[in-house]
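Here is the file my_file.pdb (PDB, C-alpha atoms).
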ATOM      1  CA  MET A  98     -87.597 -15.093  72.611
ATOM      2  CA  ILE A  99     -86.583 -12.506  75.202
ATOM      3  CA  THR A 100     -90.088 -12.311  76.658
ATOM      4  CA  TRP A 101     -90.277 -16.092  76.537
ATOM      5  CA  LEU A 102     -87.143 -16.231  78.677
ATOM      6  CA  ALA A 103     -88.557 -13.776  81.193
ATOM      7  CA  ASN A 104     -90.256 -16.677  82.911
ATOM      8  CA  PRO A 105     -87.624 -17.625  85.525
ATOM      9  CA  GLU A 106     -88.246 -21.347  85.164
ATOM     10  CA  ARG A 107     -87.726 -21.271  81.390
ATOM     11  CA  PHE A 108     -84.795 -18.908  81.780
ATOM     12  CA  VAL A 109     -83.034 -21.331  84.133
ATOM     13  CA  LYS A 110     -83.663 -24.184  81.716
ATOM     14  CA  PHE A 111     -82.039 -22.135  78.943
ATOM     15  CA  ALA A 112     -79.230 -20.513  80.937
ATOM     16  CA  ARG A 113     -77.960 -23.591  82.791
ATOM     17  CA  PRO A 114     -76.590 -25.185  79.588
ATOM     18  CA  ALA A 115     -76.014 -21.878  77.744
ATOM     19  CA  ALA A 116     -73.677 -20.340  80.357
ATOM     20  CA  PRO A 117     -70.986 -23.050  80.167
ATOM     21  CA  ILE A 118     -71.202 -22.997  76.360
ATOM     22  CA  ALA A 119     -70.567 -19.228  76.438
ATOM     23  CA  ALA A 120     -67.682 -19.827  78.857
ATOM     24  CA  ILE A 121     -66.093 -22.388  76.526
ATOM     25  CA  ILE A 122     -66.442 -20.036  73.529
ATOM     26  CA  THR A 123     -64.900 -17.226  75.603
ATOM     27  CA  VAL A 124     -61.862 -19.289  76.591
ATOM     28  CA  LEU A 125     -61.326 -20.703  73.087
ATOM     29  CA  THR A 126     -61.617 -17.338  71.329
ATOM     30  CA  PHE A 127     -59.240 -15.682  73.809
ATOM     31  CA  ILE A 128     -56.727 -18.538  73.400
ATOM     32  CA  ILE A 129     -56.844 -18.015  69.626
ATOM     33  CA  GLY A 130     -57.359 -14.259  69.632
ATOM     34  CA  ILE A 131     -54.726 -12.965  72.073
ATOM     35  CA  PRO A 132     -51.646 -14.569  70.437
ATOM     36  CA  TRP A 133     -53.042 -13.610  67.027
ATOM     37  CA  ALA A 134     -53.467 -10.020  68.175
ATOM     38  CA  LEU A 135     -50.124  -9.724  69.955
ATOM     39  CA  VAL A 136     -47.830 -11.836  67.763
ATOM     40  CA  PHE A 137     -49.175 -13.149  64.471
ATOM     41  CA  SER A 138     -51.121 -10.171  63.155
ATOM     42  CA  PRO A 139     -49.024  -7.779  61.073
ATOM     43  CA  GLU A 140     -47.804  -4.401  62.272
ATOM     44  CA  ASP A 141     -49.402  -1.421  60.607
ATOM     45  CA  PHE A 142     -47.212   0.223  57.969
ATOM     46  CA  ARG A 143     -47.722   3.614  59.592
ATOM     47  CA  GLN A 144     -48.653   2.801  63.180
ATOM     48  CA  GLY A 145     -46.199  -0.047  63.799
ATOM     49  CA  ALA A 146     -46.958  -2.279  66.774
ATOM     50  CA  SER A 147     -49.223   0.323  68.396
ATOM     51  CA  VAL A 148     -51.967  -1.020  66.112
ATOM     52  CA  ARG A 149     -52.148  -4.039  68.444
ATOM     53  CA  ILE A 150     -54.080  -1.846  70.876
ATOM     54  CA  MET A 151     -56.919  -2.057  68.344
ATOM     55  CA  TYR A 152     -57.638  -5.689  69.322
ATOM     56  CA  VAL A 153     -58.614  -4.686  72.844
ATOM     57  CA  HIS A 154     -59.847  -1.158  72.101
ATOM     58  CA  VAL A 155     -62.371  -1.909  69.355
ATOM     59  CA  PRO A 156     -64.056  -4.911  71.053
ATOM     60  CA  ALA A 157     -64.409  -2.860  74.265
ATOM     61  CA  ALA A 158     -65.988  -0.018  72.283
ATOM     62  CA  TRP A 159     -68.330  -2.453  70.487
ATOM     63  CA  MET A 160     -69.378  -3.850  73.855
ATOM     64  CA  ALA A 161     -69.912  -0.333  75.229
ATOM     65  CA  MET A 162     -72.574   0.208  72.535
ATOM     66  CA  PHE A 163     -73.903  -3.362  72.486
ATOM     67  CA  VAL A 164     -74.400  -3.592  76.255
ATOM     68  CA  TYR A 165     -76.318  -0.321  76.294
ATOM     69  CA  THR A 166     -78.520  -1.634  73.485
ATOM     70  CA  ILE A 167     -79.213  -4.777  75.540
ATOM     71  CA  ILE A 168     -80.016  -2.508  78.490
ATOM     72  CA  ALA A 169     -82.448  -0.464  76.378
ATOM     73  CA  VAL A 170     -84.226  -3.651  75.197
ATOM     74  CA  ALA A 171     -84.339  -4.949  78.771
ATOM     75  CA  GLY A 172     -85.661  -1.532  79.815
ATOM     76  CA  PHE A 173     -88.479  -1.835  77.289
ATOM     77  CA  ILE A 174     -89.388  -5.323  78.502
ATOM     78  CA  SER A 175     -89.150  -4.233  82.126
ATOM     79  CA  PHE A 176     -91.318  -1.180  81.436
ATOM     80  CA  VAL A 177     -94.032  -2.904  79.386
ATOM     81  CA  TRP A 178     -94.275  -6.331  81.039
ATOM     82  CA  ARG A 179     -92.575  -5.538  84.378
ATOM     83  CA  HIS A 180     -90.493  -8.683  84.186
ATOM     84  CA  VAL A 181     -88.205  -8.903  87.195
ATOM     85  CA  LEU A 182     -85.458 -10.640  85.228
ATOM     86  CA  ALA A 183     -85.389  -7.804  82.670
ATOM     87  CA  ASP A 184     -84.891  -5.331  85.485
ATOM     88  CA  ALA A 185     -82.197  -7.556  86.973
ATOM     89  CA  ALA A 186     -80.531  -7.713  83.537
ATOM     90  CA  ILE A 187     -80.196  -3.913  83.575
ATOM     91  CA  ARG A 188     -78.819  -4.014  87.093
ATOM     92  CA  TYR A 189     -76.050  -6.459  86.175
ATOM     93  CA  ALA A 190     -75.356  -5.185  82.656
ATOM     94  CA  ALA A 191     -74.887  -1.536  83.678
ATOM     95  CA  PRO A 192     -71.647  -1.975  85.691
ATOM     96  CA  MET A 193     -70.235  -4.230  82.971
ATOM     97  CA  GLY A 194     -71.153  -1.685  80.311
ATOM     98  CA  ALA A 195     -69.495   1.029  82.375
ATOM     99  CA  ILE A 196     -66.322  -1.061  82.605
ATOM    100  CA  PHE A 197     -66.275  -1.761  78.841
ATOM    101  CA  THR A 198     -66.810   1.939  78.136
ATOM    102  CA  ALA A 199     -64.027   2.928  80.539
ATOM    103  CA  LEU A 200     -61.787   0.375  78.798
ATOM    104  CA  ALA A 201     -62.643   1.815  75.396
ATOM    105  CA  LEU A 202     -61.805   5.312  76.656
ATOM    106  CA  VAL A 203     -58.556   4.367  78.401
ATOM    107  CA  THR A 204     -57.221   2.036  75.677
ATOM    108  CA  GLY A 205     -58.204   4.685  73.131
ATOM    109  CA  SER A 206     -56.262   7.227  75.126
ATOM    110  CA  LEU A 207     -53.246   4.901  75.227
ATOM    111  CA  TRP A 208     -53.498   4.574  71.455
ATOM    112  CA  GLY A 209     -54.178   8.263  70.883
ATOM    113  CA  GLN A 210     -51.122   9.530  72.696
ATOM    114  CA  PRO A 211     -48.523   7.881  70.407
ATOM    115  CA  MET A 212     -50.626   8.199  67.193
ATOM    116  CA  TRP A 213     -52.426  11.537  67.515
ATOM    117  CA  GLY A 214     -50.026  13.117  69.990
ATOM    118  CA  THR A 215     -52.725  13.633  72.580
ATOM    119  CA  TRP A 216     -54.391  11.554  75.288
ATOM    120  CA  TRP A 217     -57.722  13.251  74.840
ATOM    121  CA  ALA A 218     -59.604  15.631  72.562
ATOM    122  CA  TRP A 219     -63.094  17.027  72.934
ATOM    123  CA  ASP A 220     -64.237  15.730  69.580
ATOM    124  CA  ALA A 221     -67.539  14.076  68.697
ATOM    125  CA  ARG A 222     -66.564  10.420  69.047
ATOM    126  CA  LEU A 223     -64.584  10.752  72.257
ATOM    127  CA  THR A 224     -67.114  13.050  73.879
ATOM    128  CA  SER A 225     -70.134  10.916  72.945
ATOM    129  CA  VAL A 226     -68.423   7.826  74.396
ATOM    130  CA  LEU A 227     -67.707   9.787  77.572
ATOM    131  CA  VAL A 228     -71.420  10.667  77.680
ATOM    132  CA  LEU A 229     -72.186   6.944  77.279
ATOM    133  CA  PHE A 230     -69.960   6.248  80.276
ATOM    134  CA  PHE A 231     -71.859   8.811  82.357
ATOM    135  CA  LEU A 232     -75.184   7.309  81.209
ATOM    136  CA  TYR A 233     -74.050   3.963  82.638
ATOM    137  CA  LEU A 234     -73.059   5.631  85.896
ATOM    138  CA  GLY A 235     -76.417   7.435  85.877
ATOM    139  CA  LEU A 236     -78.311   4.140  85.546
ATOM    140  CA  ILE A 237     -76.338   2.658  88.434
ATOM    141  CA  SER A 238     -76.803   5.626  90.760
ATOM    142  CA  LEU A 239     -80.466   6.161  89.792
ATOM    143  CA  ARG A 240     -81.323   2.738  91.147
ATOM    144  CA  GLY A 241     -79.342   3.367  94.304
ATOM    145  CA  ALA A 242     -81.101   6.703  94.845
ATOM    146  CA  ILE A 243     -84.641   5.280  94.883
ATOM    147  CA  GLY A 244     -85.663   3.154  97.831
ATOM    148  CA  ASN A 245     -88.851   1.680  96.417
ATOM    149  CA  GLU A 246     -87.821  -1.262  94.242
ATOM    150  CA  THR A 247     -90.807  -1.122  91.872
ATOM    151  CA  ARG A 248     -90.466   2.625  91.378
ATOM    152  CA  ALA A 249     -86.721   2.281  90.849
ATOM    153  CA  ALA A 250     -87.325  -0.399  88.205
ATOM    154  CA  ARG A 251     -89.782   1.865  86.323
ATOM    155  CA  LEU A 252     -87.503   4.899  86.344
ATOM    156  CA  VAL A 253     -84.399   2.881  85.436
ATOM    157  CA  ALA A 254     -86.342   1.303  82.547
ATOM    158  CA  ILE A 255     -87.330   4.741  81.235
ATOM    159  CA  ALA A 256     -83.782   6.101  81.607
ATOM    160  CA  ALA A 257     -82.435   2.983  79.861
ATOM    161  CA  MET A 258     -84.700   3.518  76.843
ATOM    162  CA  VAL A 259     -84.200   7.290  76.598
ATOM    163  CA  GLY A 260     -80.423   7.032  76.993
ATOM    164  CA  TRP A 261     -80.166   4.681  74.019
ATOM    165  CA  ILE A 262     -80.412   7.712  71.692
ATOM    166  CA  ASN A 263     -76.712   8.211  72.424
ATOM    167  CA  VAL A 264     -75.731   4.864  70.877
ATOM    168  CA  PRO A 265     -76.334   5.848  67.219
ATOM    169  CA  ILE A 266     -74.721   9.198  68.022
ATOM    170  CA  VAL A 267     -71.575   7.339  69.113
ATOM    171  CA  LYS A 268     -71.710   5.065  66.052
ATOM    172  CA  PHE A 269     -72.161   7.769  63.448
ATOM    173  CA  SER A 270     -70.236  10.564  65.208
ATOM    174  CA  VAL A 271     -67.124   9.839  63.146
ATOM    175  CA  ASP A 272     -69.053  10.083  59.889
ATOM    176  CA  ILE A 273     -71.127  13.163  60.727
ATOM    177  CA  TRP A 274     -68.541  15.399  62.396
ATOM    178  CA  ASN A 275     -64.895  15.978  61.765
ATOM    179  CA  SER A 276     -63.059  13.863  64.264
ATOM    180  CA  LEU A 277     -59.545  12.880  65.205
ATOM    181  CA  HIS A 278     -60.949   9.378  65.340
ATOM    182  CA  GLN A 279     -60.918   7.403  62.107
ATOM    183  CA  SER A 280     -64.191   6.604  60.334
ATOM    184  CA  ALA A 281     -65.869   3.228  60.584
ATOM    185  CA  SER A 282     -63.706   0.542  58.953
ATOM    186  CA  VAL A 283     -65.407  -2.697  59.982
ATOM    187  CA  ILE A 284     -69.164  -2.228  60.286
ATOM    188  CA  ARG A 285     -70.005  -0.034  57.296
ATOM    189  CA  ALA A 286     -72.437  -0.211  54.427
ATOM    190  CA  ASP A 287     -69.843  -1.062  51.744
ATOM    191  CA  GLY A 288     -68.120  -3.744  53.819
ATOM    192  CA  PRO A 289     -64.947  -3.664  55.924
ATOM    193  CA  THR A 290     -62.034  -1.620  54.611
ATOM    194  CA  ILE A 291     -59.595  -3.159  57.047
ATOM    195  CA  HIS A 292     -57.289  -5.887  55.705
ATOM    196  CA  ALA A 293     -58.257  -9.513  56.404
ATOM    197  CA  SER A 294     -55.006 -10.145  58.301
ATOM    198  CA  MET A 295     -56.220  -7.659  60.912
ATOM    199  CA  LEU A 296     -59.967  -8.140  60.492
ATOM    200  CA  TRP A 297     -59.859 -11.834  61.484
ATOM    201  CA  PRO A 298     -58.069 -11.448  64.822
ATOM    202  CA  LEU A 299     -60.261  -8.414  65.519
ATOM    203  CA  ALA A 300     -63.418 -10.436  64.829
ATOM    204  CA  ILE A 301     -62.172 -13.262  67.061
ATOM    205  CA  MET A 302     -61.465 -10.806  69.877
ATOM    206  CA  GLY A 303     -64.885  -9.229  69.352
ATOM    207  CA  LEU A 304     -66.483 -12.676  69.613
ATOM    208  CA  ALA A 305     -64.471 -13.353  72.785
ATOM    209  CA  TYR A 306     -65.762 -10.177  74.441
ATOM    210  CA  MET A 307     -69.312 -10.928  73.318
ATOM    211  CA  ALA A 308     -69.197 -14.507  74.632
ATOM    212  CA  PHE A 309     -67.645 -13.299  77.863
ATOM    213  CA  PHE A 310     -70.452 -10.788  78.403
ATOM    214  CA  ALA A 311     -73.036 -13.469  77.571
ATOM    215  CA  TRP A 312     -71.481 -15.807  80.124
ATOM    216  CA  ALA A 313     -71.348 -13.127  82.817
ATOM    217  CA  MET A 314     -74.973 -12.057  82.210
ATOM    218  CA  LEU A 315     -76.365 -15.608  82.186
ATOM    219  CA  THR A 316     -74.398 -16.495  85.307
ATOM    220  CA  ALA A 317     -75.465 -13.340  87.169
ATOM    221  CA  LEU A 318     -79.107 -13.899  86.218
ATOM    222  CA  LEU A 319     -78.959 -17.553  87.307
ATOM    223  CA  ALA A 320     -77.693 -16.273  90.654
ATOM    224  CA  GLU A 321     -80.476 -13.677  90.658
ATOM    225  CA  VAL A 322     -83.088 -16.448  90.305
ATOM    226  CA  ASP A 323     -81.552 -18.148  93.359
ATOM    227  CA  VAL A 324     -81.512 -14.862  95.286
ATOM    228  CA  ARG A 325     -85.201 -14.364  94.524
ATOM    229  CA  ARG A 326     -85.998 -17.903  95.618
ATOM    230  CA  VAL A 327     -84.160 -17.254  98.877
ATOM    231  CA  LYS A 328     -86.149 -14.030  99.349
ATOM    232  CA  ALA A 329     -89.403 -15.829  98.606
ATOM    233  CA  LEU A 330     -88.537 -18.528 101.143
ATOM    234  CA  ASP A 331     -87.482 -15.999 103.764
ATOM    235  CA  SER A 332     -90.628 -13.939 103.306
ATOM    236  CA  LYS A 333     -92.629 -17.064 104.048
ATOM    237  CA  THR A 334     -90.560 -18.213 106.977
ATOM    238  CA  GLY A 335     -88.509 -15.266 108.141
ATOM    239  CA  PRO A 336     -84.747 -15.597 107.863
ATOM    240  CA  ALA A 337     -84.157 -15.977 111.592
ATOM    241  CA  SER A 338     -86.954 -18.421 112.289
ATOM    242  CA  ARG A 339     -86.499 -21.105 109.684
ATOM    243  CA  ILE A 340     -88.157 -23.460 112.130
ATOM    244  CA  ARG A 341     -91.500 -22.026 111.024
ATOM    245  CA  ILE A 342     -91.021 -23.876 107.761
ATOM    246  CA  GLU A 343     -92.361 -26.806 109.784
ATOM    247  CA  THR A 344     -95.825 -25.340 109.969
ATOM    248  CA  ASN A 345     -96.150 -22.968 107.024
ATOM    249  CA  ALA A 346     -94.462 -24.295 103.929
ATOM    250  CA  SER A 347     -94.963 -27.567 102.227
ATOM    251  CA  PRO A 348     -91.457 -28.795 101.344
ATOM    252  CA  GLY A 349     -91.233 -28.714  97.560
ATOM    253  CA  GLY A 350     -94.005 -26.218  97.062
ATOM    254  CA  ALA A 351     -91.844 -23.244  97.936
ATOM    255  CA  PHE A 352     -88.967 -24.219  95.704
ATOM    256  CA  LYS A 353     -90.539 -23.786  92.343
ATOM    257  CA  PRO A 354     -88.711 -21.003  90.485
ATOM    258  CA  GLY A 355     -92.083 -19.392  89.855
ATOM    259  CA  ALA A 356     -92.311 -18.706  93.570
ATOM    260  CA  ALA A 357     -89.876 -15.843  93.000
ATOM    261  CA  ASN A 358     -92.624 -14.008  91.188
ATOM    262  CA  GLY A 359     -95.236 -14.543  93.835
TER
ATOM    263  CA  MET B 160     -38.531 -12.031  73.435
ATOM    264  CA  ALA B 161     -37.099  -8.586  74.179
ATOM    265  CA  ASP B 162     -38.397  -7.499  70.797
ATOM    266  CA  PHE B 163     -41.823  -8.811  71.664
ATOM    267  CA  LEU B 164     -41.862  -7.025  75.027
ATOM    268  CA  ASN B 165     -40.642  -3.825  73.408
ATOM    269  CA  MET B 166     -43.644  -3.783  71.019
ATOM    270  CA  GLY B 167     -41.767  -1.775  68.416
ATOM    271  CA  GLY B 168     -41.174   0.990  70.951
ATOM    272  CA  PHE B 169     -44.846   1.155  71.958
ATOM    273  CA  ALA B 170     -44.514  -1.078  75.027
ATOM    274  CA  LEU B 171     -45.585   1.798  77.282
ATOM    275  CA  TYR B 172     -48.921   2.003  75.456
ATOM    276  CA  VAL B 173     -49.643  -1.549  74.285
ATOM    277  CA  TRP B 174     -48.998  -3.394  77.564
ATOM    278  CA  PRO B 175     -51.073  -1.113  79.811
ATOM    279  CA  ALA B 176     -53.947  -1.415  77.292
ATOM    280  CA  TYR B 177     -53.802  -5.219  77.447
ATOM    281  CA  GLY B 178     -53.127  -5.225  81.191
ATOM    282  CA  LEU B 179     -56.151  -3.076  82.022
ATOM    283  CA  SER B 180     -58.357  -5.142  79.718
ATOM    284  CA  LEU B 181     -57.204  -8.335  81.428
ATOM    285  CA  VAL B 182     -57.715  -6.884  84.921
ATOM    286  CA  SER B 183     -61.242  -5.699  84.018
ATOM    287  CA  ILE B 184     -62.280  -9.055  82.571
ATOM    288  CA  ALA B 185     -60.745 -10.881  85.538
ATOM    289  CA  ALA B 186     -62.592  -8.572  87.959
ATOM    290  CA  ILE B 187     -65.969  -9.140  86.260
ATOM    291  CA  THR B 188     -65.298 -12.898  86.264
ATOM    292  CA  PHE B 189     -64.365 -12.897  89.960
ATOM    293  CA  VAL B 190     -67.389 -10.858  91.083
ATOM    294  CA  THR B 191     -69.795 -12.886  88.915
ATOM    295  CA  LEU B 192     -68.513 -16.249  90.173
ATOM    296  CA  ARG B 193     -68.582 -15.075  93.801
ATOM    297  CA  PHE B 194     -72.169 -13.845  93.388
ATOM    298  CA  ARG B 195     -73.210 -17.130  91.759
ATOM    299  CA  ARG B 196     -71.581 -19.224  94.492
ATOM    300  CA  ARG B 197     -73.062 -17.180  97.345
ATOM    301  CA  ALA B 198     -76.556 -17.238  95.873
ATOM    302  CA  ALA B 199     -76.397 -20.993  95.328
ATOM    303  CA  ARG B 200     -75.067 -21.524  98.856
ATOM    304  CA  ASP B 201     -77.797 -19.339 100.430
ATOM    305  CA  LEU B 202     -80.499 -21.232  98.571
ATOM    306  CA  ALA B 203     -78.997 -24.631  99.470
ATOM    307  CA  GLU B 204     -78.937 -23.590 103.139
ATOM    308  CA  ARG B 205     -82.639 -22.701 103.061
ATOM    309  CA  GLN B 206     -83.552 -25.876 101.233
ATOM    310  CA  MET B 207     -81.533 -27.954 103.668
ATOM    311  CA  ALA B 208     -83.206 -26.266 106.632
ATOM    312  CA  ALA B 209     -86.630 -26.817 105.101
ATOM    313  CA  LYS B 210     -85.837 -30.438 104.406
ATOM    314  CA  GLN B 211     -84.665 -31.032 107.960
ATOM    315  CA  ALA B 212     -87.658 -29.195 109.333
ATOM    316  CA  GLY B 213     -89.877 -31.206 107.042
ATOM    317  CA  ARG B 214     -88.497 -34.454 108.379
ATOM    318  CA  SER B 215     -88.724 -33.385 111.988
ATOM    319  CA  THR B 216     -92.353 -32.375 111.657
ATOM    320  CA  ASP B 217     -93.361 -35.578 109.978
ATOM    321  CA  ALA B 218     -93.182 -37.776 113.037
ATOM    322  CA  PRO B 219     -95.331 -35.794 115.500
ATOM    323  CA  GLN B 220     -98.000 -35.056 112.924
ATOM    324  CA  ILE B 221     -98.480 -38.683 112.089
TER
END
Any chance you could put this one into structure tokens?
Amino acid sequence: MITWLANPERFVKFARPAAPIAAIITVLTFIIGIPWALVFSPEDFRQGASVRIMYVHVPAAWMAMFVYTIIAVAGFISFVWRHVLADAAIRYAAPMGAIFTALALVTGSLWGQPMWGTWWAWDARLTSVLVLFFLYLGLISLRGAIGNETRAARLVAIAAMVGWINVPIVKFSVDIWNSLHQSASVIRADGPTIHASMLWPLAIMGLAYMAFFAWAMLTALLAEVDVRRVKALDSKTGPASRIRIETNASPGGAFKPGAANG
Amino acid sequence: MADFLNMGGFALYVWPAYGLSLVSIAAITFVTLRFRRRAARDLAERQMAAKQAGRSTDAPQI
């Protein structure tokens, strides 16, 4: 399905209706999730109200791993088939992934200080997430460092795939090494160990973050298709001399989304 | 209300966590919408120009 969507025309057909649906899901899940997280969910018997940080910390951390996984898949598609939209997906997902990872780190720090008595520790989970953050920054700066767009796309795609190795390290770091961080309590082989009264609002918040990311990606990629159409038009006519459209371009012919690939 | 804002004594940790999350999501939303609008506007400008040019060339050619 992902390679099917790499065709800009088909992508637009899919994304135009999908983006507003994602937006509606985002708004609804936040409207339900935030009051549930802040008011209606119970306080933890040991952690008190500080447990409410979980509802923004855990979804951000999930997204940190999920977005990088999307980036690695997009990197594979970009590397093998050289689809421009896959490369664009990496370009727009990387800053968002970096923000989610920073959020996971900072909200974790804000939770760690009252509960562990420290803002930060160099343990496996925290350090591997910090590495993930630097991988995002690396992807962003790698593209900026290479002038040639095709070459940049190739190298970014390779870095995206190679860097993914850190995602399972983040996931299983709490099970493999001794860590201040608790072990997995939601996504684990024997099912969640967290109580339903906390699991539900957490799942809703997770869905909200996921839908939000989906909306942002679809919207950015729809804009990217327009940007590429503009570039295709300008390369035919020159941005300053649009008058040449008169002689060179048949009206209509240049506006097919496929022209972006030409 | 004061109880709610106090967050069981963890106000200093809970509210910044939610505040930063909100600011980040708002920032992504703002940048994404601005990008979408600008791209759509740029394309519409080109298409408009092409359309006008198309009309203006029709007459002499015929």
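For the set B:Ala186, B:Met207, B:Leu164, B:Ala199, the residue with the smallest atom-to-atom gap to chain A is B:Ala199, counting all atoms listed in the file.
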Residues selected by the ChimeraX specification (/B :<6) & /A, written as a VMD selection string: chain A and resid 146 to 147 150 204 207 317 320 323 to 324 327 342 to 343
Within 7 Å of file point (-78.3, -18.1, 82.3), counting only C-alpha atoms, expressed as a list in words: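 All residues meeting the 7 Å criterion around (-78.3, -18.1, 82.3) are Phe108, Val109, Phe111, Ala112, Arg113, Ala115, Ala116, Met314, Leu315, Thr316, Leu318 and Leu319 of chain A.
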Using the file's own x, y and z axes, what box holds all listed atoms of segment 320-333 of chain A with 8 Å on each side, keeping edges along x, y and z, and what are its centre and edge lengths in Å to one decimal, as AutoDock Vina command-line options?
--center_x -85.2 --center_y -16.1 --center_z 97.2 --size_x 30.9 --size_y 20.9 --size_z 29.7
Contacts of Met212 of chain A within 10 Å, only C-alpha atoms, excl. fewer than 4 positions in-chain, as an MDAnalysis selection string: chainID A and resid 143:145 147:148 206:208 216
Atom-to-atom span, atom CA of Ile187 of chain A and atom CA of Ile168 of chain A, Å: 5.3 Å
Atom pair atom CA of Ala157 of chain A / atom CA of Tyr306 of chain A: separation (Å): 7.4 Å
Pairwise distance for atom CA of Leu234 of chain A and atom CA of Ala191 of chain A, rounded to one decimal in Å: 7.7 Å
Please return segment 218-224 of chain A, rebuilt to all heavy atoms, as a tab-separated table (two decimals), in the coordinates of the input.
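What follows is the written file selection04.tsv:
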chain	number	residue	atom	x	y	z
A	218	ALA	N	-59.15	14.45	73.29
A	218	ALA	CA	-59.60	15.63	72.56
A	218	ALA	C	-61.12	15.69	72.73
A	218	ALA	O	-61.78	14.65	72.80
A	218	ALA	CB	-59.23	15.52	71.09
A	219	TRP	N	-61.64	16.89	72.79
A	219	TRP	CA	-63.09	17.03	72.93
A	219	TRP	C	-63.72	16.97	71.54
A	219	TRP	O	-64.31	17.93	71.09
A	219	TRP	CB	-63.46	18.32	73.66
A	219	TRP	CG	-63.06	18.26	75.10
A	219	TRP	CD1	-61.97	18.85	75.66
A	219	TRP	CD2	-63.71	17.54	76.15
A	219	TRP	NE1	-61.91	18.55	77.01
A	219	TRP	CE2	-62.97	17.76	77.32
A	219	TRP	CE3	-64.85	16.74	76.22
A	219	TRP	CZ2	-63.33	17.19	78.55
A	219	TRP	CZ3	-65.20	16.18	77.44
A	219	TRP	CH2	-64.45	16.41	78.58
A	220	ASP	N	-63.58	15.82	70.89
A	220	ASP	CA	-64.24	15.73	69.58
A	220	ASP	C	-65.45	14.82	69.70
A	220	ASP	O	-65.71	14.23	70.76
A	220	ASP	CB	-63.24	15.32	68.49
A	220	ASP	CG	-63.05	13.83	68.37
A	220	ASP	OD1	-63.73	13.04	69.06
A	220	ASP	OD2	-62.19	13.43	67.59
A	221	ALA	N	-66.21	14.69	68.62
A	221	ALA	CA	-67.54	14.08	68.70
A	221	ALA	C	-67.50	12.64	69.21
A	221	ALA	O	-68.28	12.25	70.07
A	221	ALA	CB	-68.21	14.14	67.33
A	222	ARG	N	-66.59	11.82	68.65
A	222	ARG	CA	-66.56	10.42	69.05
A	222	ARG	C	-66.17	10.28	70.51
A	222	ARG	O	-66.84	9.61	71.29
A	222	ARG	CB	-65.60	9.64	68.14
A	222	ARG	CG	-65.29	8.21	68.56
A	222	ARG	CD	-66.52	7.33	68.72
A	222	ARG	NE	-67.19	6.89	67.53
A	222	ARG	CZ	-66.86	5.84	66.78
A	222	ARG	NH1	-65.81	5.13	67.06
A	222	ARG	NH2	-67.58	5.51	65.74
A	223	LEU	N	-65.08	10.92	70.89
A	223	LEU	CA	-64.58	10.75	72.26
A	223	LEU	C	-65.59	11.29	73.27
A	223	LEU	O	-65.85	10.66	74.29
A	223	LEU	CB	-63.22	11.45	72.42
A	223	LEU	CG	-62.00	10.68	71.91
A	223	LEU	CD1	-62.04	10.49	70.41
A	223	LEU	CD2	-60.72	11.37	72.32
A	224	THR	N	-66.17	12.44	72.94
A	224	THR	CA	-67.11	13.05	73.88
A	224	THR	C	-68.39	12.22	74.01
A	224	THR	O	-68.90	12.02	75.11
A	224	THR	CB	-67.46	14.48	73.44
A	224	THR	OG1	-66.23	15.19	73.23
A	224	THR	CG2	-68.28	15.20	74.49
